[in-house]
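Visitor: Sharing final-v8.cif (mmCIF, C-alpha atoms and all ligand atoms) below.
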data_input
#
loop_
_atom_site.label_atom_id
_atom_site.label_comp_id
_atom_site.auth_asym_id
_atom_site.auth_seq_id
_atom_site.Cartn_x
_atom_site.Cartn_y
_atom_site.Cartn_z
CA MET A 2 -6.51 -6.31 -69.58
CA ILE A 3 -5.02 -9.66 -68.40
CA TYR A 4 -2.10 -7.72 -66.96
CA ASN A 5 -4.50 -5.46 -65.00
CA VAL A 6 -6.36 -8.43 -63.56
CA LYS A 7 -3.06 -9.98 -62.47
CA VAL A 8 -1.96 -6.77 -60.76
CA ALA A 9 -5.34 -6.44 -59.04
CA LYS A 10 -5.15 -10.06 -57.82
CA THR A 11 -1.65 -9.59 -56.40
CA TRP A 12 -2.68 -6.35 -54.74
CA LEU A 13 -5.72 -8.04 -53.18
CA LEU A 14 -3.65 -11.00 -51.94
CA LEU A 15 -1.13 -8.61 -50.38
CA LYS A 16 -3.93 -6.71 -48.65
CA ILE A 17 -5.49 -9.92 -47.28
CA ASN A 18 -2.08 -11.13 -46.14
CA ARG A 19 -1.40 -7.87 -44.31
CA SER A 20 -4.82 -7.90 -42.64
CA ILE A 21 -4.31 -11.49 -41.50
CA THR A 22 -0.87 -10.61 -40.09
CA PHE A 23 -2.33 -7.54 -38.35
CA VAL A 24 -5.25 -9.43 -36.80
CA SER A 25 -3.07 -12.36 -35.69
CA THR A 26 -0.55 -9.97 -34.11
CA GLN A 27 -3.41 -8.26 -32.26
CA ILE A 28 -4.80 -11.58 -31.04
CA LEU A 29 -1.35 -12.82 -30.02
CA THR A 30 -0.55 -9.59 -28.14
CA SER A 31 -3.90 -9.71 -26.32
CA TYR A 32 -3.29 -13.35 -25.40
CA VAL A 33 0.23 -12.67 -24.11
CA LEU A 34 -0.99 -9.71 -22.04
CA TYR A 35 -3.94 -11.77 -20.75
CA MET A 36 -1.57 -14.52 -19.67
CA THR A 37 0.74 -12.03 -17.91
CA ARG A 38 -2.01 -9.99 -16.21
CA PRO A 39 -2.10 -11.02 -12.55
CA ALA A 40 -5.23 -12.68 -11.21
CA MET A 41 -6.46 -11.24 -7.91
CA ILE A 42 -8.78 -12.16 -5.09
CA VAL A 43 -9.62 -9.33 -2.69
CA ALA A 44 -11.37 -9.89 0.66
CA ASN A 45 -13.55 -6.98 1.78
CA TRP A 46 -14.41 -7.63 5.42
CA LYS A 47 -16.48 -4.41 5.61
CA MET A 48 -17.45 -3.46 9.21
CA ASN A 49 -17.21 -7.03 10.47
CA MET A 50 -14.90 -8.95 12.82
CA ARG A 51 -14.20 -7.82 16.35
CA TRP A 52 -10.57 -7.73 17.44
CA ALA A 53 -10.00 -11.39 18.34
CA GLU A 54 -12.27 -12.75 15.58
CA GLY A 55 -10.39 -10.76 12.95
CA LEU A 56 -7.01 -12.02 14.11
CA ALA A 57 -8.24 -15.61 14.15
CA LEU A 58 -9.71 -15.29 10.65
CA ALA A 59 -6.54 -13.68 9.33
CA ASP A 60 -4.37 -16.43 10.86
CA ALA A 61 -6.50 -19.17 9.30
CA VAL A 62 -6.57 -17.46 5.90
CA ILE A 63 -2.84 -16.71 5.93
CA GLN A 64 -1.99 -20.31 6.74
CA ARG A 65 -4.27 -21.85 4.10
CA VAL A 66 -3.98 -19.29 1.32
CA SER A 67 -0.23 -18.56 1.33
CA PRO A 68 0.65 -21.70 -0.68
CA PHE A 69 -1.52 -20.49 -3.58
CA VAL A 70 -0.09 -16.97 -3.73
CA SER A 71 2.43 -16.08 -6.44
CA PRO A 72 3.10 -13.19 -8.82
CA THR A 73 0.37 -14.66 -11.04
CA LEU A 74 -2.23 -14.93 -8.24
CA GLN A 75 -2.38 -12.15 -5.70
CA VAL A 76 -4.56 -12.19 -2.60
CA VAL A 77 -5.42 -9.03 -0.70
CA LEU A 78 -7.06 -8.78 2.73
CA MET A 79 -9.02 -5.60 3.45
CA PRO A 80 -9.99 -5.60 7.13
CA SER A 81 -11.36 -2.59 9.04
CA TYR A 82 -8.87 0.11 10.03
CA LEU A 83 -8.71 -1.52 13.48
CA HIS A 84 -6.90 -4.61 12.23
CA LEU A 85 -4.60 -3.05 9.66
CA ALA A 86 -1.42 -2.63 11.73
CA ALA A 87 -1.71 -6.08 13.34
CA LEU A 88 -2.33 -7.78 9.98
CA GLY A 89 0.46 -5.76 8.40
CA ALA A 90 2.88 -7.22 10.96
CA ARG A 91 1.54 -10.77 10.51
CA LEU A 92 1.84 -10.58 6.72
CA THR A 93 5.40 -9.33 6.66
CA SER A 94 7.27 -11.29 9.29
CA PRO A 95 7.83 -13.73 7.77
CA PRO A 96 6.58 -12.52 4.33
CA ARG A 97 3.46 -14.44 3.30
CA GLY A 98 2.88 -13.09 -0.20
CA ILE A 99 -0.61 -11.98 0.81
CA GLN A 100 -1.11 -8.20 0.54
CA LEU A 101 -2.85 -5.73 2.79
CA GLY A 102 -5.58 -3.35 1.65
CA ALA A 103 -7.72 -0.66 3.26
CA GLN A 104 -11.43 -0.11 2.66
CA ASN A 105 -11.19 3.67 2.57
CA CYS A 106 -8.90 6.68 2.96
CA HIS A 107 -8.97 10.46 3.15
CA HIS A 108 -7.44 12.30 0.21
CA ALA A 109 -5.47 14.84 2.28
CA PRO A 110 -2.09 13.71 3.62
CA GLU A 111 -2.82 15.07 7.13
CA GLY A 112 -4.85 17.74 8.88
CA PRO A 113 -7.98 18.56 10.88
CA TYR A 114 -10.15 15.68 9.63
CA THR A 115 -11.46 14.02 12.79
CA GLY A 116 -12.00 10.30 12.40
CA GLU A 117 -10.22 10.02 9.08
CA VAL A 118 -7.08 8.12 8.02
CA SER A 119 -4.71 9.35 5.30
CA VAL A 120 -2.89 7.43 2.56
CA PRO A 121 0.62 8.00 4.08
CA MET A 122 -0.69 6.59 7.38
CA LEU A 123 -1.98 3.50 5.59
CA HIS A 124 1.32 3.16 3.76
CA ASP A 125 3.21 3.11 7.08
CA VAL A 126 1.40 -0.02 8.31
CA GLY A 127 1.97 -1.93 5.07
CA VAL A 128 -1.16 -1.15 3.08
CA ARG A 129 -0.66 -1.49 -0.66
CA TYR A 130 -4.22 -1.33 -2.03
CA VAL A 131 -7.13 0.97 -1.17
CA LEU A 132 -10.79 0.45 -2.09
CA VAL A 133 -12.44 3.49 -3.69
CA GLY A 134 -15.98 4.05 -4.91
CA HIS A 135 -17.59 1.07 -3.20
CA SER A 136 -21.36 1.44 -3.64
CA GLU A 137 -21.89 1.43 0.13
CA ARG A 138 -19.68 4.52 0.46
CA ARG A 139 -21.18 6.17 -2.62
CA ARG A 140 -24.68 5.66 -1.22
CA GLN A 141 -24.36 5.87 2.57
CA TRP A 142 -21.68 8.58 2.73
CA ASP A 143 -22.69 10.40 -0.41
CA GLU A 144 -19.24 10.02 -1.93
CA GLY A 145 -19.50 11.62 -5.35
CA PRO A 146 -17.32 11.41 -8.46
CA THR A 147 -15.14 14.43 -7.63
CA LEU A 148 -14.28 13.22 -4.14
CA LEU A 149 -13.51 9.76 -5.56
CA ALA A 150 -11.22 11.34 -8.16
CA HIS A 151 -9.32 13.11 -5.34
CA LYS A 152 -8.98 9.85 -3.43
CA VAL A 153 -7.70 8.00 -6.49
CA THR A 154 -5.12 10.75 -7.12
CA ALA A 155 -3.96 10.67 -3.49
CA ILE A 156 -3.60 6.88 -3.52
CA CYS A 157 -1.61 6.83 -6.77
CA SER A 158 0.61 9.74 -5.79
CA HIS A 159 1.73 7.89 -2.66
CA GLY A 160 2.61 4.78 -4.61
CA LEU A 161 -0.40 2.70 -3.50
CA GLN A 162 -2.95 1.10 -5.84
CA PRO A 163 -6.65 1.98 -5.95
CA VAL A 164 -9.20 -0.81 -6.34
CA PHE A 165 -11.87 1.26 -8.03
CA CYS A 166 -15.46 -0.05 -7.84
CA CYS A 167 -18.02 0.70 -10.52
CA GLY A 168 -21.41 -0.72 -11.41
CA GLU A 169 -25.04 -0.01 -12.10
CA GLN A 170 -27.61 0.35 -9.30
CA GLN A 171 -30.39 -1.79 -10.73
CA ARG A 172 -30.74 -4.60 -13.23
CA THR A 173 -30.92 -3.04 -16.66
CA THR A 174 -29.82 -3.68 -20.23
CA MET A 175 -26.14 -4.27 -20.99
CA GLN A 176 -26.08 -1.08 -23.02
CA SER A 177 -27.30 1.20 -20.23
CA ALA A 178 -25.26 -0.60 -17.55
CA LEU A 179 -22.12 -0.05 -19.63
CA ALA A 180 -23.01 3.61 -20.16
CA ILE A 181 -23.32 4.08 -16.36
CA VAL A 182 -19.98 2.39 -15.75
CA GLN A 183 -18.28 4.39 -18.52
CA GLN A 184 -19.49 7.61 -16.89
CA GLN A 185 -18.12 6.47 -13.48
CA LEU A 186 -14.73 5.72 -15.06
CA ALA A 187 -14.63 9.02 -16.95
CA ASP A 188 -15.65 11.04 -13.86
CA SER A 189 -13.16 9.61 -11.38
CA LEU A 190 -10.31 7.94 -13.29
CA PHE A 191 -9.69 9.52 -16.67
CA HIS A 192 -7.84 12.51 -15.22
CA LEU A 193 -4.98 10.10 -14.36
CA SER A 194 -1.74 9.98 -16.33
CA GLU A 195 -0.91 6.71 -18.11
CA VAL A 196 1.59 5.82 -15.39
CA ALA A 197 -0.98 6.35 -12.62
CA MET A 198 -3.72 4.55 -14.57
CA SER A 199 -1.49 1.51 -14.96
CA GLN A 200 -1.63 1.13 -11.16
CA VAL A 201 -5.43 0.96 -11.01
CA ILE A 202 -7.36 -2.25 -10.36
CA LEU A 203 -11.01 -2.19 -11.43
CA ALA A 204 -13.86 -4.01 -9.72
CA TYR A 205 -17.14 -4.30 -11.58
CA GLU A 206 -19.83 -4.63 -8.93
CA PRO A 207 -23.46 -4.44 -10.03
CA VAL A 208 -24.99 -2.93 -6.89
CA TRP A 209 -28.06 -5.16 -7.07
CA ALA A 210 -25.80 -8.21 -6.76
CA ILE A 211 -23.95 -7.11 -3.61
CA GLY A 212 -24.94 -9.20 -0.60
CA THR A 213 -28.16 -10.39 -2.27
CA GLY A 214 -27.23 -13.84 -3.55
CA CYS A 215 -28.26 -12.74 -7.08
CA THR A 216 -25.64 -12.39 -9.78
CA PRO A 217 -25.59 -11.59 -13.48
CA ALA A 218 -24.88 -14.57 -15.75
CA PRO A 219 -21.11 -15.07 -15.99
CA ALA A 220 -21.27 -14.48 -19.76
CA GLN A 221 -22.86 -11.06 -19.08
CA VAL A 222 -20.05 -10.24 -16.65
CA GLN A 223 -17.55 -11.15 -19.38
CA GLU A 224 -19.37 -8.88 -21.84
CA MET A 225 -19.30 -6.00 -19.34
CA HIS A 226 -15.60 -6.51 -18.51
CA SER A 227 -14.74 -6.61 -22.18
CA GLY A 228 -16.72 -3.36 -22.67
CA ILE A 229 -14.84 -1.78 -19.74
CA ARG A 230 -11.51 -2.88 -21.22
CA GLU A 231 -12.48 -1.41 -24.59
CA THR A 232 -13.37 1.89 -22.86
CA ILE A 233 -9.95 1.98 -21.19
CA ALA A 234 -8.33 1.13 -24.54
CA GLN A 235 -10.02 4.08 -26.24
CA GLN A 236 -8.69 6.41 -23.54
CA TYR A 237 -5.24 4.95 -22.80
CA GLY A 238 -4.47 2.49 -25.60
CA ARG A 239 -4.88 -1.25 -25.98
CA THR A 240 -1.67 -2.33 -24.24
CA LEU A 241 -2.48 -0.53 -21.00
CA ALA A 242 -6.09 -1.73 -21.14
CA GLN A 243 -4.89 -5.33 -21.42
CA GLN A 244 -2.66 -4.93 -18.37
CA ILE A 245 -5.36 -3.75 -15.94
CA PRO A 246 -6.99 -6.46 -13.82
CA ILE A 247 -10.79 -6.24 -13.80
CA LEU A 248 -12.38 -8.08 -10.88
CA TYR A 249 -15.99 -9.13 -10.47
CA GLY A 250 -17.81 -8.45 -7.18
CA GLY A 251 -21.34 -9.20 -6.02
CA SER A 252 -22.35 -12.45 -4.29
CA CYS A 253 -19.31 -14.26 -5.65
CA ASN A 254 -18.84 -17.38 -3.54
CA PRO A 255 -17.33 -20.90 -3.59
CA HIS A 256 -20.30 -22.20 -5.63
CA ASN A 257 -20.13 -19.74 -8.52
CA ALA A 258 -16.54 -18.40 -8.46
CA ALA A 259 -15.06 -20.97 -10.87
CA THR A 260 -17.65 -20.15 -13.56
CA PHE A 261 -16.87 -16.43 -13.41
CA PHE A 262 -13.11 -16.96 -13.40
CA THR A 263 -13.02 -19.06 -16.57
CA TYR A 264 -13.88 -15.98 -18.66
CA PRO A 265 -10.85 -14.21 -20.15
CA ASP A 266 -11.69 -10.68 -18.98
CA VAL A 267 -12.66 -11.70 -15.44
CA ASP A 268 -9.34 -11.43 -13.63
CA GLY A 269 -10.55 -12.35 -10.16
CA GLY A 270 -13.03 -11.29 -7.53
CA LEU A 271 -13.85 -8.75 -4.86
CA ILE A 272 -15.37 -10.90 -2.17
CA GLY A 273 -17.58 -9.59 0.65
CA GLY A 274 -19.71 -12.10 2.57
CA ALA A 275 -17.70 -15.15 1.50
CA SER A 276 -14.47 -13.60 2.80
CA LEU A 277 -15.70 -13.76 6.41
CA GLN A 278 -15.27 -17.53 6.68
CA ALA A 279 -11.87 -19.05 6.08
CA ASP A 280 -13.33 -22.17 4.38
CA ALA A 281 -15.40 -20.20 1.88
CA PHE A 282 -12.64 -17.73 1.11
CA VAL A 283 -10.01 -20.43 0.63
CA LYS A 284 -12.34 -22.19 -1.85
CA VAL A 285 -12.70 -18.99 -3.88
CA VAL A 286 -8.90 -18.63 -3.98
CA GLU A 287 -8.60 -22.31 -4.98
CA ALA A 288 -11.11 -21.74 -7.81
CA MET A 289 -8.91 -18.96 -9.23
CA HIS A 290 -5.78 -21.04 -8.72
CA ALA A 291 -7.28 -23.91 -10.73
CA CYS A 292 -7.77 -21.70 -13.81
CA PRO A 293 -5.28 -22.47 -16.61
CA ARG A 294 -4.08 -18.85 -16.72
CA VAL A 295 -2.82 -19.30 -13.14
CA CYS A 296 -1.94 -22.96 -12.79
CA LEU A 297 -0.25 -23.26 -16.21
CA ARG A 298 2.11 -20.36 -15.57
C1 LIG A 301 -18.81 -6.18 -1.82
O1 LIG A 301 -19.45 -5.56 -0.97
O2 LIG A 301 -17.81 -5.67 -2.36
C2 LIG A 301 -19.23 -7.54 -2.15
C3 LIG A 301 -18.80 -8.06 -3.26
O3 LIG A 301 -20.07 -8.13 -1.26
P1 LIG A 301 -20.71 -9.60 -1.41
O4 LIG A 301 -19.65 -10.53 -1.90
O5 LIG A 301 -21.17 -9.95 -0.04
O6 LIG A 301 -21.83 -9.46 -2.38
#
Could you spell out this file's structure in structure tokens?
Ligand code: PEP
Guide:
Amino acid sequence: MIYNVKVAKTWLLLKINRSITFVSTQILTSYVLYMTRPAMIVANWKMNMRWAEGLALADAVIQRVSPFVSPTLQVVLMPSYLHLAALGARLTSPPRGIQLGAQNCHHAPEGPYTGEVSVPMLHDVGVRYVLVGHSERRRQWDEGPTLLAHKVTAICSHGLQPVFCCGEQQRTTMQSALAIVQQQLADSLFHLSEVAMSQVILAYEPVWAIGTGCTPAPAQVQEMHSGIRETIAQQYGRTLAQQIPILYGGSCNPHNAATFFTYPDVDGGLIGGASLQADAFVKVVEAMHACPRVCLR
């Protein structure tokens, strides 16, 4: 009897020990991957900035933002197609660390698609990132999940990186917002191989927050990002899920950016309105740069 109790105690202690080791390894791995995941600030100029204005804004941003850019903090400018080649040249000679992105692409490499621009064409002027699934394109151009999936495939297969936007239309409960986002991810991303998926950047953008000045509470954004990461983990495994940057977008500005960026699953921002003024945009970049995950590395 005494012997049995002793054996049971030892067995229990061993079990507890193993569980503690397992949980601490998981926490440590997540922390290491969190600390190595790059932070990112992406400027979406949308259909703004005439020729000279765009060049002036880019010059001001390049000059003031370059000192903050490093492998741990990446900054991407997404002007209209009009400015891409000129900005590409400005960003590469001399190299400024800031990357170039496009707001859209066609999924075919070439052909009779009047008014469209293909991924290889974007590649040739120095574009590295392409926005896909922005709510304005989903809504105003009727871009549906299948078309978005084709665009994502085209971007990845030419060695560029999609910045894939997802988010609910209206304010709703966390549970139904997450269900909407999960469906968007499944419809347009989950056909990708692991290698292609590892190139994707996600941007959670609740549509009701875009350009309205309203935002969810930062803690709710964290909860959503953590739910998104868990969804990716279930599909592609925990390591890959921990490597993917998840940005927040929707009225993110110099006044609220720092609060969003302190949360562990908020890896940066997709910035619309506040990217059109050098001062405001630089402050958003500074807010990310001041976070321990960036400035302590
Ligand atoms: C956007 O359109 O991607 C966006 C985030 O816009 P804003 O920052 O103006 O809400």
Visitor: Using all atoms listed in the file, what does the table of chain A residues within 10 Å of ligand LIG 301 (chain A) look like, with each row giving the shortest atom pair and its distance in Å to one decimal, sorted by chain and ascending number, as CSV?
Guide:
residue,atom,partner,partner_atom,distance
A:Val43,CA,A:LIG301,O2,9.0
A:Ala44,CA,A:LIG301,O2,8.3
A:Asn45,CA,A:LIG301,O2,6.1
A:Trp46,CA,A:LIG301,O1,8.4
A:Lys47,CA,A:LIG301,O1,7.3
A:Gln104,CA,A:LIG301,O2,9.8
A:Leu132,CA,A:LIG301,O2,9.3
A:His135,CA,A:LIG301,O2,6.8
A:Ser136,CA,A:LIG301,O1,7.7
A:Glu137,CA,A:LIG301,O1,7.5
A:Cys166,CA,A:LIG301,O2,8.2
A:Ala204,CA,A:LIG301,O2,8.5
A:Tyr205,CA,A:LIG301,C3,9.3
A:Glu206,CA,A:LIG301,C3,6.7
A:Pro207,CA,A:LIG301,C3,9.0
A:Val208,CA,A:LIG301,O1,8.5
A:Trp209,CA,A:LIG301,O6,8.9
A:Ala210,CA,A:LIG301,O6,6.0
A:Ile211,CA,A:LIG301,O6,3.4
A:Gly212,CA,A:LIG301,O6,3.6
A:Thr213,CA,A:LIG301,O6,6.4
A:Gly214,CA,A:LIG301,O6,7.1
A:Cys215,CA,A:LIG301,O6,8.6
A:Thr216,CA,A:LIG301,O6,8.8
A:Leu248,CA,A:LIG301,C3,10.0
A:Tyr249,CA,A:LIG301,C3,7.8
A:Gly250,CA,A:LIG301,C3,4.1
A:Gly251,CA,A:LIG301,O6,3.7
A:Ser252,CA,A:LIG301,O6,3.6
A:Cys253,CA,A:LIG301,O4,5.3
A:Asn254,CA,A:LIG301,O4,7.1
A:Gly270,CA,A:LIG301,C3,7.9
A:Leu271,CA,A:LIG301,C3,5.2
A:Ile272,CA,A:LIG301,O4,4.3
A:Gly273,CA,A:LIG301,O4,3.4
A:Gly274,CA,A:LIG301,O5,3.7
A:Ala275,CA,A:LIG301,O4,6.1
A:Ser276,CA,A:LIG301,O4,7.6
A:Leu277,CA,A:LIG301,O5,9.3
Visitor: Calculate how many Å separate CA of Pro246 in chain A from CA of Asp268 in chain A, rounding to one decimal.
Guide: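 Pair CA of Pro246 in chain A / CA of Asp268 in chain A returns 5.5 Å.
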Visitor: Which residue is closest to Arg298 in chain A? Choose from A:Pro39, A:Gly89, A:Gly102, A:Gly127 and count all atoms listed in the file.
Guide: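 Distance minimum relative to Arg298 in chain A lands on A:Pro39.
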Visitor: So which residues touch Leu241 in chain A within 9 Å, counting all atoms listed in the file, skipping near sequence neighbours fewer than 5 positions away, as a ChimeraX atom specification?
Guide: /A:195,198-199,233-234
Visitor: What's the 10 Å shell around Gln100 in chain A, counting only C-alpha atoms, without same-chain residues fewer than 6 positions away, as a ChimeraX atom specification?
Guide: /A:43,70,75-79,88-89,92-93,127-130
Visitor: Got a minute to add N, CA and C atoms to range 165-191 of chain A and dump it as a PDB file, in the coordinates of the input?
Guide:
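What landed in result_25.pdb:
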ATOM      1  N   PHE A 165     -10.772   0.338  -7.762  1.00  0.00           N
ATOM      2  CA  PHE A 165     -11.870   1.260  -8.030  1.00  0.00           C
ATOM      3  C   PHE A 165     -13.144   0.482  -8.402  1.00  0.00           C
ATOM      4  N   CYS A 166     -14.207   0.679  -7.599  1.00  0.00           N
ATOM      5  CA  CYS A 166     -15.460  -0.050  -7.840  1.00  0.00           C
ATOM      6  C   CYS A 166     -16.386   0.761  -8.744  1.00  0.00           C
ATOM      7  N   CYS A 167     -17.043   0.062  -9.650  1.00  0.00           N
ATOM      8  CA  CYS A 167     -18.020   0.700 -10.520  1.00  0.00           C
ATOM      9  C   CYS A 167     -19.140  -0.299 -10.772  1.00  0.00           C
ATOM     10  N   GLY A 168     -20.303   0.208 -11.114  1.00  0.00           N
ATOM     11  CA  GLY A 168     -21.410  -0.720 -11.410  1.00  0.00           C
ATOM     12  C   GLY A 168     -22.747  -0.015 -11.344  1.00  0.00           C
ATOM     13  N   GLU A 169     -23.702  -0.603 -12.048  1.00  0.00           N
ATOM     14  CA  GLU A 169     -25.040  -0.010 -12.100  1.00  0.00           C
ATOM     15  C   GLU A 169     -25.834  -0.361 -10.845  1.00  0.00           C
ATOM     16  N   GLN A 170     -26.800   0.509 -10.514  1.00  0.00           N
ATOM     17  CA  GLN A 170     -27.610   0.350  -9.300  1.00  0.00           C
ATOM     18  C   GLN A 170     -28.605  -0.802  -9.423  1.00  0.00           C
ATOM     19  N   GLN A 171     -29.320  -0.797 -10.543  1.00  0.00           N
ATOM     20  CA  GLN A 171     -30.390  -1.790 -10.730  1.00  0.00           C
ATOM     21  C   GLN A 171     -30.166  -2.593 -11.987  1.00  0.00           C
ATOM     22  N   ARG A 172     -30.805  -3.776 -12.002  1.00  0.00           N
ATOM     23  CA  ARG A 172     -30.740  -4.600 -13.230  1.00  0.00           C
ATOM     24  C   ARG A 172     -31.251  -3.787 -14.405  1.00  0.00           C
ATOM     25  N   THR A 173     -30.499  -3.788 -15.476  1.00  0.00           N
ATOM     26  CA  THR A 173     -30.920  -3.040 -16.660  1.00  0.00           C
ATOM     27  C   THR A 173     -30.291  -3.684 -17.889  1.00  0.00           C
ATOM     28  N   THR A 174     -30.415  -3.077 -19.028  1.00  0.00           N
ATOM     29  CA  THR A 174     -29.820  -3.680 -20.230  1.00  0.00           C
ATOM     30  C   THR A 174     -28.304  -3.508 -20.178  1.00  0.00           C
ATOM     31  N   MET A 175     -27.600  -4.348 -20.933  1.00  0.00           N
ATOM     32  CA  MET A 175     -26.140  -4.270 -20.990  1.00  0.00           C
ATOM     33  C   MET A 175     -25.702  -2.884 -21.467  1.00  0.00           C
ATOM     34  N   GLN A 176     -26.451  -2.378 -22.435  1.00  0.00           N
ATOM     35  CA  GLN A 176     -26.080  -1.080 -23.020  1.00  0.00           C
ATOM     36  C   GLN A 176     -26.144   0.039 -21.975  1.00  0.00           C
ATOM     37  N   SER A 177     -27.236   0.082 -21.194  1.00  0.00           N
ATOM     38  CA  SER A 177     -27.300   1.200 -20.230  1.00  0.00           C
ATOM     39  C   SER A 177     -26.402   0.948 -19.030  1.00  0.00           C
ATOM     40  N   ALA A 178     -26.198  -0.323 -18.648  1.00  0.00           N
ATOM     41  CA  ALA A 178     -25.260  -0.600 -17.550  1.00  0.00           C
ATOM     42  C   ALA A 178     -23.853  -0.140 -17.939  1.00  0.00           C
ATOM     43  N   LEU A 179     -23.469  -0.446 -19.179  1.00  0.00           N
ATOM     44  CA  LEU A 179     -22.120  -0.050 -19.630  1.00  0.00           C
ATOM     45  C   LEU A 179     -21.994   1.472 -19.682  1.00  0.00           C
ATOM     46  N   ALA A 180     -23.056   2.140 -20.099  1.00  0.00           N
ATOM     47  CA  ALA A 180     -23.010   3.610 -20.160  1.00  0.00           C
ATOM     48  C   ALA A 180     -22.812   4.195 -18.749  1.00  0.00           C
ATOM     49  N   ILE A 181     -23.463   3.600 -17.754  1.00  0.00           N
ATOM     50  CA  ILE A 181     -23.320   4.080 -16.360  1.00  0.00           C
ATOM     51  C   ILE A 181     -21.873   3.887 -15.902  1.00  0.00           C
ATOM     52  N   VAL A 182     -21.345   2.703 -16.168  1.00  0.00           N
ATOM     53  CA  VAL A 182     -19.980   2.390 -15.750  1.00  0.00           C
ATOM     54  C   VAL A 182     -18.971   3.305 -16.463  1.00  0.00           C
ATOM     55  N   GLN A 183     -19.203   3.519 -17.763  1.00  0.00           N
ATOM     56  CA  GLN A 183     -18.280   4.390 -18.520  1.00  0.00           C
ATOM     57  C   GLN A 183     -18.255   5.792 -17.929  1.00  0.00           C
ATOM     58  N   GLN A 184     -19.423   6.275 -17.494  1.00  0.00           N
ATOM     59  CA  GLN A 184     -19.490   7.610 -16.890  1.00  0.00           C
ATOM     60  C   GLN A 184     -18.700   7.629 -15.568  1.00  0.00           C
ATOM     61  N   GLN A 185     -18.840   6.545 -14.774  1.00  0.00           N
ATOM     62  CA  GLN A 185     -18.120   6.470 -13.480  1.00  0.00           C
ATOM     63  C   GLN A 185     -16.601   6.490 -13.715  1.00  0.00           C
ATOM     64  N   LEU A 186     -16.169   5.763 -14.749  1.00  0.00           N
ATOM     65  CA  LEU A 186     -14.730   5.720 -15.060  1.00  0.00           C
ATOM     66  C   LEU A 186     -14.256   7.101 -15.515  1.00  0.00           C
ATOM     67  N   ALA A 187     -15.022   7.715 -16.408  1.00  0.00           N
ATOM     68  CA  ALA A 187     -14.630   9.020 -16.950  1.00  0.00           C
ATOM     69  C   ALA A 187     -14.579  10.058 -15.822  1.00  0.00           C
ATOM     70  N   ASP A 188     -15.564  10.028 -14.929  1.00  0.00           N
ATOM     71  CA  ASP A 188     -15.650  11.040 -13.860  1.00  0.00           C
ATOM     72  C   ASP A 188     -14.522  10.947 -12.846  1.00  0.00           C
ATOM     73  N   SER A 189     -14.084   9.737 -12.518  1.00  0.00           N
ATOM     74  CA  SER A 189     -13.160   9.610 -11.380  1.00  0.00           C
ATOM     75  C   SER A 189     -11.783   9.034 -11.724  1.00  0.00           C
ATOM     76  N   LEU A 190     -11.612   8.558 -12.967  1.00  0.00           N
ATOM     77  CA  LEU A 190     -10.310   7.940 -13.290  1.00  0.00           C
ATOM     78  C   LEU A 190      -9.586   8.592 -14.464  1.00  0.00           C
ATOM     79  N   PHE A 191     -10.334   9.135 -15.409  1.00  0.00           N
ATOM     80  CA  PHE A 191      -9.690   9.520 -16.670  1.00  0.00           C
ATOM     81  C   PHE A 191      -8.874  10.806 -16.589  1.00  0.00           C
TER      82      PHE A 191
END
